Amino acid sequence: MAEVCVKGGFVLPSSRNLSRKGGVLCSLSPPSTIEIKDRSHKSDFSEGRLVFPVRRIRPLKPFVVSSPVPKGFTIGPKTMKWWEQGLQPNMREIESTQDLVDSLRNAGDKLVVVDFFSPSCPGCKTLHPKICKFAEANPDVLFLQVNYEKHKSMCYSLHVHVLPFFWFFRGAQGRLCGFSCTTQTIKKFKDALEKHTPERCSLGPTKGLDESVLLALAANKELNFSYTKKDEAEKEVSPAIPPLAPLSPVLASGSMEKGKELVSTER
């Protein structure tokens, strides 16, 4: 035990590290207990001593500051949704109405399968792995996914009300067929794929969606899509042709007379 005495007292240190400052001896090493003696100090304690225990400094425990976590923030690898699993290079999701129209127009002679699905559809979830296998076995076929929950208004204009639902498109023929199927009726999808997969040469430009469907999409005010009829567009682009001058009365009568003569000779 080390005793530290104020002015007028004395020090009894337990260590050898001592220093003198202002006429008072001080201990350099921190004692575990400091005892102060002062003869002039009156105290109720025996021998007039006051003992002050010294608390040793302990290392602070690590702490975490809590803060609100932003919505959608996740720690660790992102969990893939079921319609994102098993996707092949020839499969992609449609982002907008214009994206669907352009994808069908730019497909050329390639067979295109449009897959309408919903994240909350159990039949779509069960059928998805099989569609991915068909896409893997047919790399030349383009598979387009349309999320019904994201594009409800577009699906309404396309008259798609049953899920899962599929459309088949190719070249100048446009839409080949459309049907709904499940895992129990997957043969319908397989037969359509085998029927329309063989290569063929389309005569004319790629058709894509029918003009009536394009007009219905353009009429939907909720969609950011515009379309103009082909006839009206051609009228605006093509130059105006002046009408032909009418035939003179002489020529007209002469032609009529010749016509009468031919009729009479044949009789």
# chains A, B, ... in the order shown; residues from 1 in each chain; ligands from 1
>>> closest_atom_pairs(of="region 83-125 of chain A", to="region 178-182 of chain A", cutoff="12 Å", atoms="only C-alpha atoms", output="Markdown table")
| residue | atom | partner | partner_atom | distance |
| --- | --- | --- | --- | --- |
| A:Val112 | CA | A:Gly178 | CA | 11.8 |
| A:Val113 | CA | A:Gly178 | CA | 9.6 |
| A:Val114 | CA | A:Gly178 | CA | 9.2 |
| A:Asp115 | CA | A:Ser180 | CA | 9.8 |
| A:Phe116 | CA | A:Ser180 | CA | 9.4 |
| A:Phe117 | CA | A:Ser180 | CA | 10.6 |
| A:Cys121 | CA | A:Thr182 | CA | 11.2 |
| A:Pro122 | CA | A:Thr182 | CA | 10.0 |
| A:Gly123 | CA | A:Thr182 | CA | 6.2 |
| A:Cys124 | CA | A:Thr182 | CA | 7.7 |
| A:Lys125 | CA | A:Thr182 | CA | 10.1 |
>>> atom_distance(atom1="CA of Arg105 (chain A)", atom2="CA of Lys207 (chain A)")
6.4 Å
>>> residues_around(residues="Asn224 (chain A)", least_positions_apart="3", cutoff="9 Å", atoms="only C-alpha atoms", output="list in words")
Ser96, Thr97, Gln98, Ala218, Asn220 and Lys221 of chain A
>>> select_by_dssp(residues="region 47-229 of chain A", states="alpha helix (DSSP H)", output="ChimeraX atom specification")
/A:97-105,122-137,152-157,186-196,211-219
>>> residues_around(residues="Ala172 (chain A)", least_positions_apart="5", cutoff="6 Å", atoms="only C-alpha atoms", output="list in words")
Ser202, Gly204, Pro205, Thr206 and Lys207 of chain A
>>> write_last_selection(atoms="N, CA and C atoms", output="PDB file, in the first residue's frame")
ATOM      1  N   SER A 202     -38.689 -16.209 -94.879  1.00  0.00           N
ATOM      2  CA  SER A 202     -39.906 -15.407 -94.889  1.00  0.00           C
ATOM      3  C   SER A 202     -39.859 -14.422 -96.053  1.00  0.00           C
ATOM      4  N   GLY A 204     -40.865 -11.016 -97.318  1.00  0.00           N
ATOM      5  CA  GLY A 204     -41.334  -9.738 -96.815  1.00  0.00           C
ATOM      6  C   GLY A 204     -40.694  -9.391 -95.485  1.00  0.00           C
ATOM      7  N   PRO A 205     -40.913  -8.189 -94.995  1.00  0.00           N
ATOM      8  CA  PRO A 205     -40.325  -7.746 -93.725  1.00  0.00           C
ATOM      9  C   PRO A 205     -40.975  -8.441 -92.531  1.00  0.00           C
ATOM     10  N   THR A 206     -40.286  -8.380 -91.419  1.00  0.00           N
ATOM     11  CA  THR A 206     -40.816  -8.978 -90.190  1.00  0.00           C
ATOM     12  C   THR A 206     -42.069  -8.233 -89.753  1.00  0.00           C
ATOM     13  N   LYS A 207     -43.114  -8.975 -89.470  1.00  0.00           N
ATOM     14  CA  LYS A 207     -44.410  -8.363 -89.189  1.00  0.00           C
ATOM     15  C   LYS A 207     -44.550  -7.959 -87.723  1.00  0.00           C
TER      16      LYS A 207
END
